[in-house]
Structures are given as C-alpha cells and as structure tokens.
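Engineer: Contents of start.txt (compact mmCIF, C-alpha atoms) are below:
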```txt
# COMPACT_ATOMS: atom_id res chain seq x y z
CA MET C 43 99.34 63.68 80.46
CA LYS C 44 98.64 61.31 83.30
CA ARG C 45 98.23 61.89 86.94
CA GLU C 46 101.44 60.16 88.01
CA GLU C 47 103.44 62.08 85.48
CA ILE C 48 102.10 65.31 86.90
CA ARG C 49 102.85 64.28 90.45
CA GLN C 50 106.38 63.48 89.39
CA ARG C 51 106.78 66.81 87.70
CA LEU C 52 105.54 68.60 90.77
CA LYS C 53 108.35 67.06 92.76
CA GLU C 54 110.78 68.73 90.44
CA VAL C 55 109.04 72.06 90.45
CA GLN C 56 111.89 74.37 91.21
CA SER C 57 111.70 76.75 88.33
CA LEU C 58 108.60 78.58 89.42
CA PRO C 59 108.62 79.67 92.96
CA THR C 60 112.24 79.83 93.89
CA LEU C 61 111.92 79.24 97.58
CA PRO C 62 113.93 81.94 99.24
CA PRO C 63 116.90 80.27 101.00
CA ILE C 64 115.80 82.15 104.06
CA VAL C 65 112.87 79.73 104.42
CA SER C 66 114.91 76.68 105.37
CA LYS C 67 116.89 78.79 107.80
CA LEU C 68 113.66 80.04 109.38
CA ASN C 69 112.30 76.51 109.56
CA GLN C 70 115.37 75.42 111.48
CA MET C 71 115.07 78.36 113.80
CA VAL C 72 111.40 77.78 114.52
CA SER C 73 112.06 74.23 115.66
CA ASP C 74 114.31 75.76 118.27
CA GLU C 75 112.10 76.54 121.24
CA ASP C 76 114.05 79.52 122.47
CA VAL C 77 113.62 81.49 119.32
CA THR C 78 111.69 84.73 119.67
CA ALA C 79 109.71 86.83 117.24
CA VAL C 80 112.36 89.48 117.55
CA LYS C 81 115.13 87.06 116.53
CA LEU C 82 113.12 85.76 113.59
CA GLY C 83 112.21 89.26 112.57
CA ARG C 84 115.83 90.29 112.61
CA ILE C 85 116.79 87.48 110.22
CA ILE C 86 114.00 88.33 107.81
CA GLU C 87 114.72 92.03 107.95
CA LYS C 88 118.22 91.41 106.60
CA ASP C 89 116.51 90.90 103.28
CA GLN C 90 115.16 94.33 102.50
CA VAL C 91 113.26 93.43 99.36
CA LEU C 92 111.52 90.57 101.09
CA THR C 93 110.77 92.76 104.11
CA SER C 94 109.15 95.47 102.07
CA LYS C 95 107.03 92.93 100.16
CA LEU C 96 106.04 91.28 103.42
CA LEU C 97 105.03 94.52 105.12
CA LYS C 98 103.01 95.52 102.08
CA MET C 99 101.06 92.28 102.28
CA VAL C 100 100.47 92.36 106.03
CA ASN C 101 99.25 95.94 105.79
CA SER C 102 96.90 95.31 102.89
CA SER C 103 93.23 95.40 103.59
CA PHE C 104 92.54 91.67 103.62
CA PHE C 105 94.03 91.22 107.06
CA GLY C 106 92.31 94.38 108.15
CA PHE C 107 94.50 95.48 111.03
CA PRO C 108 93.48 98.95 112.13
CA GLN C 109 97.01 100.11 112.93
CA ARG C 110 100.01 99.96 110.62
CA ILE C 111 102.42 97.09 111.15
CA SER C 112 105.87 98.51 110.68
CA THR C 113 108.31 95.77 111.64
CA VAL C 114 108.55 92.09 110.77
CA SER C 115 108.78 91.01 114.40
CA ASN C 116 105.59 92.93 115.07
CA ALA C 117 103.96 91.16 112.15
CA ILE C 118 105.05 87.80 113.58
CA VAL C 119 103.56 88.63 116.96
CA LEU C 120 100.28 89.88 115.50
CA LEU C 121 99.74 87.39 112.68
CA GLY C 122 101.63 84.35 113.87
CA PHE C 123 104.67 82.71 112.37
CA ASN C 124 102.64 80.40 110.10
CA VAL C 125 101.18 83.35 108.29
CA ILE C 126 104.52 85.10 107.87
CA LYS C 127 106.21 81.93 106.71
CA THR C 128 103.47 81.28 104.17
CA LEU C 129 103.70 84.82 102.87
CA ILE C 130 107.46 84.43 102.46
CA VAL C 131 107.17 81.05 100.75
CA THR C 132 104.52 82.30 98.36
CA SER C 133 105.85 85.80 97.74
CA SER C 134 107.51 84.86 94.46
CA ILE C 135 104.41 82.97 93.33
CA PHE C 136 102.31 86.03 93.83
CA GLU C 137 104.76 88.01 91.81
CA VAL C 138 104.32 85.55 88.96
CA MET C 139 100.58 85.81 89.36
CA GLN C 140 100.48 89.61 89.42
CA ALA C 141 102.34 89.66 86.14
CA SER C 142 100.55 86.83 84.35
CA ASP C 143 97.06 86.63 85.74
CA ILE C 144 95.73 89.64 87.56
CA GLY C 145 92.24 88.11 87.55
CA LEU C 146 93.39 85.11 89.58
CA PHE C 147 95.39 87.40 91.86
CA GLU C 148 92.27 89.42 92.59
CA HIS C 149 90.23 86.28 93.09
CA SER C 150 92.81 85.08 95.64
CA LEU C 151 92.92 88.38 97.52
CA GLY C 152 89.12 88.51 97.51
CA CYS C 153 88.85 85.00 98.88
CA ALA C 154 91.41 85.85 101.58
CA THR C 155 89.34 88.86 102.59
CA ALA C 156 86.07 86.96 102.71
CA ALA C 157 87.64 84.07 104.61
CA GLY C 158 89.04 86.40 107.27
CA LEU C 159 85.66 88.10 107.74
CA VAL C 160 83.78 84.80 108.00
CA ALA C 161 86.36 83.39 110.42
CA LYS C 162 85.96 86.44 112.65
CA LYS C 163 82.17 86.13 112.56
CA LEU C 164 82.44 82.49 113.64
CA GLY C 165 84.93 83.33 116.36
CA ILE C 166 87.59 81.02 114.94
CA LYS C 167 91.01 81.49 116.45
CA ASN C 168 93.77 83.08 114.40
CA PRO C 169 91.52 84.40 111.61
CA GLU C 170 94.63 85.73 109.83
CA GLU C 171 95.72 82.17 109.21
CA VAL C 172 92.33 81.46 107.65
CA SER C 173 92.79 84.55 105.46
CA THR C 174 96.15 83.22 104.38
CA ALA C 175 94.60 79.87 103.47
CA GLY C 176 92.16 81.82 101.29
CA LEU C 177 95.00 83.70 99.71
CA ILE C 178 96.72 80.53 98.52
CA HIS C 179 93.71 78.25 97.97
CA ASP C 180 94.24 78.27 94.20
CA LEU C 181 97.95 77.58 94.45
CA GLY C 182 97.41 74.57 92.17
CA LYS C 183 96.17 76.78 89.36
CA ILE C 184 99.17 79.06 89.60
CA VAL C 185 101.57 76.13 89.51
CA LEU C 186 99.73 74.51 86.66
CA ARG C 187 99.88 77.69 84.69
CA ALA C 188 103.57 78.29 85.31
CA GLU C 189 104.79 74.71 84.96
CA MET C 190 102.47 73.34 82.30
CA PRO C 191 101.23 76.36 80.38
CA GLN C 192 99.94 74.36 77.42
CA GLU C 193 97.87 72.05 79.56
CA TYR C 194 96.60 75.00 81.57
CA GLU C 195 95.51 76.87 78.49
CA LEU C 196 93.77 73.80 77.15
CA VAL C 197 91.88 73.39 80.42
CA VAL C 198 90.74 77.01 80.53
CA GLU C 199 89.72 76.99 76.87
CA THR C 200 87.87 73.70 77.15
CA ALA C 201 86.06 74.90 80.27
CA ALA C 202 84.90 78.03 78.43
CA LYS C 203 83.95 76.16 75.27
CA ARG C 204 82.03 73.39 77.00
CA GLN C 205 80.65 75.68 79.70
CA GLN C 206 82.14 73.44 82.36
CA TYR C 207 83.81 74.06 85.67
CA MET C 208 87.57 74.24 85.36
CA ARG C 209 88.15 71.49 87.88
CA GLU C 210 85.90 69.08 85.97
CA VAL C 211 88.04 69.60 82.89
CA GLU C 212 91.24 69.21 84.96
CA GLN C 213 90.07 65.86 86.26
CA GLU C 214 89.19 64.68 82.79
CA ALA C 215 92.24 65.99 80.96
CA LEU C 216 94.92 65.63 83.63
CA GLY C 217 93.47 63.13 86.06
CA ILE C 218 94.15 65.52 88.92
CA GLY C 219 92.51 68.73 90.13
CA HIS C 220 94.07 72.03 91.15
CA GLY C 221 93.14 71.38 94.78
CA GLU C 222 95.25 68.25 94.95
CA ILE C 223 98.09 69.86 93.02
CA GLY C 224 98.14 72.79 95.42
CA GLY C 225 98.06 70.41 98.38
CA ILE C 226 101.05 68.44 97.11
CA LEU C 227 103.10 71.57 96.72
CA ALA C 228 102.06 73.11 100.01
CA ARG C 229 103.08 69.91 101.76
CA GLN C 230 106.39 69.88 99.90
CA TRP C 231 107.03 73.32 101.29
CA ASN C 232 106.20 72.20 104.81
CA LEU C 233 103.30 74.57 105.22
CA PRO C 234 101.19 73.74 108.29
CA GLU C 235 98.24 71.38 107.86
CA ARG C 236 95.80 74.10 108.82
CA LEU C 237 96.79 75.66 105.49
CA VAL C 238 97.43 72.51 103.45
CA TYR C 239 94.02 70.90 103.97
CA PRO C 240 91.93 73.93 102.99
CA ILE C 241 93.96 74.24 99.76
CA GLU C 242 93.55 70.58 98.99
CA TYR C 243 89.89 70.28 99.95
CA HIS C 244 88.34 73.61 99.10
CA HIS C 245 86.03 71.92 96.59
CA ARG C 246 85.17 68.99 98.88
CA PRO C 247 85.64 70.39 102.35
CA GLU C 248 84.03 67.50 104.19
CA ALA C 249 86.80 65.16 103.00
CA SER C 250 89.30 67.33 104.88
CA PRO C 251 91.00 64.98 107.39
CA ASP C 252 91.36 67.80 109.89
CA TYR C 253 90.55 71.51 110.17
CA ALA C 254 87.24 70.91 108.41
CA ASP C 255 86.04 74.26 109.77
CA VAL C 256 88.77 76.14 107.92
CA SER C 257 88.23 74.09 104.76
CA ALA C 258 84.51 74.90 104.96
CA ILE C 259 85.23 78.62 105.29
CA ILE C 260 87.54 78.61 102.26
CA HIS C 261 84.96 76.62 100.30
CA PHE C 262 82.27 79.15 101.11
CA SER C 263 84.50 82.21 100.62
CA ASP C 264 85.44 80.98 97.15
CA ILE C 265 81.71 80.77 96.38
CA VAL C 266 80.92 84.24 97.73
CA ILE C 267 83.76 85.92 95.89
CA ARG C 268 82.82 84.25 92.61
CA ALA C 269 79.20 85.13 93.22
CA LEU C 270 80.19 88.79 93.50
CA GLY C 271 82.18 88.51 90.28
CA PHE C 272 85.34 89.88 91.88
CA GLY C 273 88.49 88.81 90.00
CA PHE C 274 88.55 85.72 87.81
CA GLY C 275 89.08 82.20 89.12
CA GLY C 276 89.48 80.38 85.80
CA ASP C 277 85.81 79.93 84.97
CA LYS C 278 82.89 82.22 85.60
CA TRP C 279 80.47 79.99 87.49
CA VAL C 280 79.59 79.82 91.13
CA PRO C 281 80.62 76.34 92.31
CA PRO C 282 78.17 74.03 94.04
CA LEU C 283 77.84 74.41 97.80
CA ASP C 284 78.60 71.52 100.12
CA HIS C 285 75.68 71.64 102.54
CA GLN C 286 77.43 69.76 105.29
CA ALA C 287 80.21 72.35 105.15
CA TRP C 288 77.59 75.10 105.12
CA SER C 289 76.09 73.72 108.32
CA ARG C 290 79.40 74.58 110.00
CA ILE C 291 79.03 78.20 108.88
CA LYS C 292 75.33 78.89 108.56
CA LEU C 293 75.25 82.66 108.63
CA GLY C 294 71.75 84.08 108.92
CA LYS C 295 70.34 86.71 106.60
CA THR C 296 71.36 89.60 108.81
CA GLN C 297 74.89 88.28 109.19
CA MET C 298 75.12 87.67 105.45
CA ARG C 299 74.00 91.23 104.71
CA GLN C 300 76.61 92.45 107.13
CA LEU C 301 79.24 90.29 105.44
CA LEU C 302 78.35 91.69 102.00
CA GLU C 303 78.62 95.20 103.33
CA GLU C 304 81.99 94.66 105.01
CA LEU C 305 83.24 92.82 101.97
CA ASP C 306 82.15 95.57 99.60
CA GLU C 307 84.24 98.11 101.43
CA LYS C 308 87.29 95.87 101.67
CA LEU C 309 87.09 94.84 98.04
CA MET C 310 87.16 98.47 97.00
CA GLU C 311 90.28 98.94 99.09
CA LEU C 312 91.76 95.83 97.52
CA GLN C 313 91.32 97.32 94.10
CA ASP C 314 93.37 100.28 95.24
CA PHE C 315 95.96 97.82 96.54
CA THR C 316 96.26 95.93 93.23
CA LEU C 317 96.38 99.19 91.26
CA ASP C 318 99.11 100.32 93.60
CA ILE C 319 101.14 97.17 92.99
CA GLN C 320 100.77 97.50 89.26
CA GLN C 321 101.79 101.12 89.47
CA ASP C 322 104.91 100.19 91.45
CA LYS C 323 105.75 97.61 88.82
CA LYS C 324 105.49 100.13 86.00
CA GLU C 325 107.67 102.55 87.87
CA SER C 326 110.37 100.02 88.62
CA ALA C 327 110.30 98.63 85.06
CA MET A 186 76.77 105.27 97.22
CA GLN A 187 79.74 105.25 94.93
CA ARG A 188 83.46 105.32 95.46
CA ILE A 189 85.16 107.71 93.08
CA PRO A 190 88.64 109.14 92.56
CA LEU A 191 88.94 112.62 94.04
CA LYS A 192 89.67 113.97 90.56
CA LEU A 193 86.08 113.20 89.52
CA ALA A 194 84.44 114.68 92.61
CA GLN A 195 82.35 117.82 92.02
CA PRO A 196 80.97 120.52 94.32
CA GLY A 197 77.47 119.60 95.41
CA MET A 198 78.15 115.88 95.83
CA VAL A 199 77.46 114.54 99.33
CA LEU A 200 79.91 112.30 101.21
CA ALA A 201 78.41 108.92 102.09
CA LYS A 202 81.47 108.08 104.18
CA GLU A 203 84.02 110.18 105.94
CA ALA A 204 86.98 111.38 103.88
CA VAL A 205 90.23 109.97 105.23
CA THR A 206 93.88 110.40 104.31
CA SER A 207 96.04 107.39 103.49
CA GLU A 208 97.31 107.67 107.06
CA GLY A 209 93.79 107.17 108.34
CA GLN A 210 93.20 110.72 109.50
CA VAL A 211 89.56 111.81 109.15
CA LEU A 212 89.14 115.14 107.35
CA CYS A 213 85.36 115.48 106.83
CA GLY A 214 82.45 113.49 108.12
CA ALA A 215 79.74 111.62 106.23
CA GLY A 216 76.93 113.92 105.10
CA THR A 217 79.28 116.76 104.17
CA THR A 218 78.30 118.53 100.96
CA LEU A 219 81.42 119.05 98.90
CA SER A 220 82.44 122.55 97.91
CA GLN A 221 85.28 123.82 95.75
CA GLU A 222 87.08 124.78 98.93
CA ILE A 223 86.72 121.39 100.60
CA LEU A 224 87.85 119.63 97.43
CA ALA A 225 90.96 121.77 97.27
CA ARG A 226 91.74 120.99 100.88
CA LEU A 227 91.27 117.25 100.34
CA ALA A 228 93.58 117.39 97.33
CA LYS A 229 96.21 119.13 99.41
CA GLN A 230 95.99 116.37 102.03
CA GLU A 231 96.44 113.78 99.28
CA VAL A 232 93.08 112.10 99.64
CA LEU A 233 92.75 109.87 96.59
CA THR A 234 89.21 108.48 96.73
CA LEU A 235 85.87 109.53 98.18
CA THR A 236 82.64 107.66 98.78
CA VAL A 237 79.67 109.78 97.78
CA GLU A 238 75.88 109.43 97.91
CA GLY A 239 74.01 108.07 94.92
CA HIS A 240 75.78 107.13 91.74
CA PRO A 241 76.81 110.46 90.22
CA VAL A 242 79.71 109.37 88.00
CA SER A 243 79.75 106.79 85.26
CA MET A 244 83.21 105.30 85.28
CA PRO A 245 84.80 103.90 82.14
CA GLY A 246 84.17 100.17 81.90
CA GLU A 247 81.80 100.26 84.84
CA LYS A 248 78.73 98.11 84.48
CA THR A 249 75.21 99.40 84.90
CA LEU A 250 72.93 97.83 87.51
CA PRO A 251 70.92 95.83 84.92
CA GLU A 252 74.17 94.53 83.43
CA LYS A 253 75.45 93.56 86.84
CA LEU A 254 72.24 91.72 87.68
CA LYS A 255 72.28 89.90 84.36
CA GLU A 256 75.84 88.71 84.90
CA LEU A 257 74.96 87.68 88.44
CA ASP A 258 72.24 85.47 87.01
CA LEU A 259 74.67 83.93 84.57
CA ARG A 260 77.23 83.15 87.25
CA PHE A 261 74.59 81.29 89.24
CA SER A 262 73.28 79.39 86.21
CA LYS A 263 74.85 76.07 87.25
CA VAL A 264 73.54 76.12 90.81
CA LYS A 265 69.97 77.30 90.27
CA ASP A 266 68.45 74.46 92.27
CA ASP A 267 70.35 75.11 95.48
CA PRO A 268 68.12 77.00 97.94
CA VAL A 269 71.03 78.40 99.98
CA LEU A 270 72.79 79.71 96.90
CA ARG A 271 69.53 81.09 95.56
CA ALA A 272 69.17 83.02 98.79
CA LEU A 273 72.75 84.25 98.47
CA LYS A 274 72.06 85.47 94.96
CA THR A 275 68.96 87.35 96.11
CA LEU A 276 70.90 88.98 98.95
CA ILE A 277 73.61 90.16 96.56
CA ALA A 278 71.06 91.51 94.07
CA GLU A 279 69.22 93.36 96.85
CA PHE A 280 72.48 94.73 98.19
CA TRP A 281 73.37 96.21 94.82
CA ILE A 282 69.90 97.62 94.26
CA ILE A 283 69.93 99.34 97.67
CA GLN A 284 73.44 100.62 97.07
CA GLU A 285 72.47 102.28 93.85
CA LYS A 286 68.79 103.17 94.26
CA GLY A 287 68.24 103.24 98.00
CA GLU A 288 66.22 101.22 100.48
CA ASP A 289 62.82 102.62 99.43
CA PHE A 290 63.28 101.66 95.82
CA LEU A 291 63.76 98.02 96.82
CA LYS A 292 60.72 98.12 99.11
CA ASN A 293 58.56 99.50 96.31
CA LEU A 294 59.99 96.94 93.93
CA LYS A 295 59.01 94.14 96.30
CA LYS A 296 55.55 95.62 96.86
CA GLY A 297 55.07 95.90 93.11
CA LYS A 298 55.95 92.25 92.70
CA ALA A 299 53.63 91.17 95.49
CA GLY A 300 50.76 93.25 94.13
```
Take the structure in the file and give it back as structure tokens.

Structural biologist:
Amino acid sequence: MKREEIRQRLKEVQSLPTLPPIVSKLNQMVSDEDVTAVKLGRIIEKDQVLTSKLLKMVNSSFFGFPQRISTVSNAIVLLGFNVIKTLIVTSSIFEVMQASDIGLFEHSLGCATAAGLVAKKLGIKNPEEVSTAGLIHDLGKIVLRAEMPQEYELVVETAAKRQQYMREVEQEALGIGHGEIGGILARQWNLPERLVYPIEYHHRPEASPDYADVSAIIHFSDIVIRALGFGFGGDKWVPPLDHQAWSRIKLGKTQMRQLLEELDEKLMELQDFTLDIQQDKKESA
Amino acid sequence: MQRIPLKLAQPGMVLAKEAVTSEGQVLCGAGTTLSQEILARLAKQEVLTLTVEGHPVSMPGEKTLPEKLKELDLRFSKVKDDPVLRALKTLIAEFWIIQEKGEDFLKNLKKGKAG
C-alpha cells in the first residue's frame, strides 16, 4: 500500500470513530462568543451516556484533580473546552481501544499521566491539555489498527521479528508513520493545533511548527512510560531521545526521582481505573 | 512498599501510606500496624487497596525485582549509547530497588560496587 492511498483512505475514515453529531453542534456553539460553559455543559448533558463517560475520564487519575468533578460545565471550566471536546471526539476511539488493545490503552493513559506531571513541573499553562495530547498521541496506531487491520498486524509482527521500532516498519511498509496518520485525522476533526502537532511530531518534536514545548513533553513522556514498561505501545523498546527537545525539559536528578515517585502512585491508580472499566464492560455485556 | 488488595492484607502488616476510602476519606495513617479489627473496619468502609511496607505478598503474574531489572535492560537495548537515557535507566532501577529493599540496601550495593 502506498502513502497516497492511505491518505485517501483516511479521508473516508468514517467507520471507526463515529463522531458524535454533538461535536459539530458544539463547534458551532464555540465559535459564538457569547456561549458559556454552562450552556455548553447543558447541551452535552442531554446525552447521558456521553456525560457519564466524560465524567469518568475527567475524574480518572491522569488529570489528578483533588476534588470530584460532578458536572460537565464544571469540567469545561476546570479543564478547558479543548480538553472536553477532544475527550468527546475520541470517546468512541477509546472504546474501540479498550476492547481490542488494552496494552495500547494503558500506554496512552500512562503517557497522559506523565505528560501532565511534566507539564506541571515546567509550569506550562493548561497542563490538562498537555495530558490530553498524551492521551491521544498514538491516535494513528488506533486508526491503523481499526481501518487497516492486516497492514497493522504485518507491521507489529515485522517489528517483533526484525527487532525494529514499529514506526521504522511503518515507514518502510506503508510509506507513512503513525504520527503523521494521527495528525491527519486530528486535523480532520478540527482538534486544536496544540493537540495536533504533538500527535504528529511526538517522534521528531523539533520539527513541530508550533507548540514545540508540548511536542517535547509528549516525546519525553512516551519514552518514560515505555522505559517503565507500563502498557504496550506496539513494540517494546525505548525510543531514541531528541536532545534538543530534552533541552526544553531538562529535569534534574532530584526532579526526575520525584517524577518517578509521583508517576508510580498514579500508575497504580490507573490500573484500578482500567480494571474498573473492564469490570463495567463485563457487567453490561 | 507494595500496593495490595485489602483481601490479601494480614494482621501484622504495616501501612506505608494512609488507608483511604474511594471518597478520599482517611481512615488510618501511615505507620499503622494492621490488626484483625482494623482490617474488618476497613472492609466495612469499602477500602479496596492498601499500600504496605516491604513486599509481603507475591501477586500472581507479578515480576520479581531481578526479572524487572532484566526487562528494563532489554527495553533500553536500542538506546544504550545515550547518556541521558542511561541516566534515566539507572534512576528507574534505583527507584525499584529502594521500593523493594529500602534505601540502605541500595547504599550498601553502591558501596560494594565501589569497593
């Protein structure tokens, strides 16, 4: 399969993440300057299933809010509309992922957690948005798996057989990497650039046309979470570090120890969260 | 320290972190030695997990420290030459060793290596 063919197919990707119709309505509303969090929240809350999924996500440990968020409008105020919108857009994708690839789901949650912690350490504004970028950084892999399962399987198998990074095999076999694929889709869904670029450039953060700081954090968080062996991101190796990106982060030893400690606690909570979700699934099935 | 389901907690184990309900209410502080009575009370309050000192329970499928360190090595096998990543790997290994064996064990280990 060639690169252009894949790009074309991505344009037609409808089957996988059925974008809730609510998204286009919300998009329209947000462009209206008078709209308030309460109004937006009210619209979202009409959809009870979506609301309960959303509240579960915003209250999970990777955002790490000390108090419980109990309404959507509250979530919009605390996390920002970009985060809520992204969680809505990707909610069905994460459902696919929970069912088909719990390893990748855990990897994504882990990366979100690490990214939020690093962003807070660096004093970056709206760290929840950075967390969300971490959550969806491997969007391309999810899409690849759902839309082109044969190609995806071939890539994973080849990577394991040849002991190569997954993205090297993607480039060779498909002519396009999961970063770019994720970026194309995220753009198609009108996600903000502060989320699109980190998805697209998490393996080469310094090429990020803007928000290079966020791209660098996602790049590094992906490395840390793979280093810890939490979840499974498609291959088992720690990816190479971009040193220019690292110079934007540069945590010292003490800060790194602190990060590992905070992360350890949150990752344990995350495991409870994923067990919980799986339990819910079994009960509803 | 180790995080374990309440079901596997035994009298005599010592809490490394406070026991909290899912609502965030603190029931016992770190350092508390668990008794049959306390365990019953925690169960009543629907506490699901506890963090205890040491590593008293071997969980099914859980890896031992040497296994964990070996896999850590393997995961870093493609980036051995990067000094920053090498430092990261060392920090993670040390973190796990301290978690399981305590600070002194690591110090002695380092001394042993130096001597």

Engineer: Compile the contact shell of Asp266 of chain A as a list in words: residues with an atom at most 10 Å away, counting all atoms listed in the file, same-chain residues fewer than 5 positions apart removed.

Structural biologist: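 So, after excluding close chain neighbours, the residues are Pro282 of chain C; Phe261 and Arg271 of chain A.
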
Engineer: State, in Å with one decimal place, the distance from atom CA of Lys88 of chain C to atom CA of Ser112 of chain C.

Structural biologist: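 Atom CA of Lys88 of chain C sits 14.8 Å away from atom CA of Ser112 of chain C.
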
Engineer: Compute the set of chain A residues within 8 Å of chain C, using only C-alpha atoms, and express it as a list of chain:residue names.

Structural biologist: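 The answer, sorted by residue number, is A:Arg188, A:Leu257, A:Leu259, A:Arg260, A:Phe261, A:Ser262, A:Lys263, A:Val264, A:Asp267, A:Leu270, A:Lys274, A:Leu276, A:Ile277, A:Phe280.
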
Engineer: Given the choices A:Ile223, A:Leu254, A:Val237, A:Leu273, which gets closest to Ala201 of chain A if the distance is worked out from all atoms listed in the file?

Structural biologist: A:Val237

Engineer: Using all atoms listed in the file, which of C:Leu164, C:Val185, C:Ala287, C:Leu68 sits nearest His261 of chain C?

Structural biologist: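 Counting all atoms listed in the file, the residue closest to His261 of chain C is C:Ala287.
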
Engineer: What lies within 10 Å of Met186 of chain A using all atoms listed in the file, ignoring chain neighbours under 5 positions off, as a PyMOL selection string?

Structural biologist: chain A and resi 199-202+236-241+281+283-287

Engineer: Mind giving me the axis-aligned box for segment 200-211 of chain A with 6 Å on every side, centre plus edges in Å to one decimal, as JSON?

Structural biologist:
```
{"center_x": 87.9, "center_y": 109.7, "center_z": 105.4, "size_x": 30.9, "size_y": 17.1, "size_z": 20.3}
```

Engineer: Quick one, how far is atom CA of Phe262 of chain C from atom CA of Leu305 of chain C?

Structural biologist: 13.7 Å

Engineer: Skipping near chain neighbours, those fewer than 4 positions away, what residues fall within 8 Å of segment 140-155 of chain C using all atoms listed in the file, listed as an MDAnalysis selection string?

Structural biologist: chainID C and resid 103:105 136 159 172:180 260 263:264 267:268 272:276 305 308:309 312 316 320

Engineer: Which residue gives the smallest distance to Ile259 of chain C among C:His220, C:Arg204, C:Lys163, C:Arg209, with only C-alpha atoms counted?

Structural biologist: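 For Ile259 of chain C, the nearest of the given residues is C:Lys163.
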
Engineer: I want to know what sits within 12 Å of Lys162 of chain C, based on only C-alpha atoms, with residues of the same chain fewer than 5 positions away left out; could you give that as a PyMOL selection string?

Structural biologist: chain C and resi 105-106+155-157+167-173+256+259+291+297+301+304

Engineer: With N, CA and C atoms retained, output segment 277-300 of chain A as a short mmCIF file (atom, residue, chain, number, x, y, z; two decimals), in the first residue's frame.

Structural biologist:
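Contents of decode-v1.cif, as written:
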```cif
data_model
loop_
_atom_site.label_atom_id
_atom_site.label_comp_id
_atom_site.auth_asym_id
_atom_site.auth_seq_id
_atom_site.Cartn_x
_atom_site.Cartn_y
_atom_site.Cartn_z
N ILE A 277 15.51 4.67 37.31
CA ILE A 277 14.38 3.74 37.44
C ILE A 277 14.80 2.50 38.22
N ALA A 278 15.98 1.96 37.88
CA ALA A 278 16.46 0.76 38.58
C ALA A 278 16.61 1.06 40.07
N GLU A 279 17.22 2.19 40.38
CA GLU A 279 17.41 2.56 41.80
C GLU A 279 16.08 2.73 42.51
N PHE A 280 15.14 3.33 41.79
CA PHE A 280 13.82 3.56 42.38
C PHE A 280 13.16 2.23 42.76
N TRP A 281 13.26 1.26 41.88
CA TRP A 281 12.66 -0.04 42.17
C TRP A 281 13.38 -0.77 43.29
N ILE A 282 14.71 -0.63 43.30
CA ILE A 282 15.48 -1.32 44.36
C ILE A 282 15.12 -0.73 45.72
N ILE A 283 15.06 0.60 45.79
CA ILE A 283 14.69 1.25 47.06
C ILE A 283 13.29 0.84 47.48
N GLN A 284 12.39 0.81 46.51
CA GLN A 284 11.00 0.48 46.80
C GLN A 284 10.88 -0.90 47.44
N GLU A 285 11.66 -1.82 46.93
CA GLU A 285 11.52 -3.18 47.42
C GLU A 285 12.44 -3.50 48.59
N LYS A 286 13.67 -2.96 48.56
CA LYS A 286 14.66 -3.37 49.56
C LYS A 286 15.03 -2.26 50.54
N GLY A 287 14.62 -1.05 50.25
CA GLY A 287 14.95 0.05 51.14
C GLY A 287 16.20 0.80 50.73
N GLU A 288 16.31 2.00 51.29
CA GLU A 288 17.39 2.93 50.94
C GLU A 288 18.77 2.35 51.28
N ASP A 289 18.87 1.71 52.46
CA ASP A 289 20.17 1.21 52.92
C ASP A 289 20.73 0.14 52.01
N PHE A 290 19.84 -0.70 51.53
CA PHE A 290 20.26 -1.78 50.64
C PHE A 290 20.99 -1.21 49.42
N LEU A 291 20.39 -0.14 48.85
CA LEU A 291 20.98 0.48 47.67
C LEU A 291 22.34 1.08 48.00
N LYS A 292 22.41 1.74 49.17
CA LYS A 292 23.68 2.36 49.59
C LYS A 292 24.76 1.30 49.69
N ASN A 293 24.41 0.18 50.34
CA ASN A 293 25.39 -0.90 50.50
C ASN A 293 25.80 -1.48 49.15
N LEU A 294 24.79 -1.57 48.29
CA LEU A 294 25.05 -2.10 46.95
C LEU A 294 26.07 -1.23 46.24
N LYS A 295 25.88 0.08 46.35
CA LYS A 295 26.78 1.03 45.68
C LYS A 295 28.18 0.96 46.28
N LYS A 296 28.21 0.86 47.63
CA LYS A 296 29.50 0.77 48.32
C LYS A 296 30.24 -0.47 47.86
N GLY A 297 29.50 -1.58 47.80
CA GLY A 297 30.07 -2.86 47.38
C GLY A 297 30.70 -2.74 46.01
N LYS A 298 29.98 -2.03 45.13
CA LYS A 298 30.49 -1.87 43.77
C LYS A 298 31.76 -1.05 43.75
N ALA A 299 31.73 0.03 44.56
CA ALA A 299 32.88 0.94 44.59
C ALA A 299 34.10 0.23 45.18
N GLY A 300 33.86 -0.60 46.22
CA GLY A 300 34.96 -1.27 46.87
C GLY A 300 35.30 -2.49 46.16
#
```
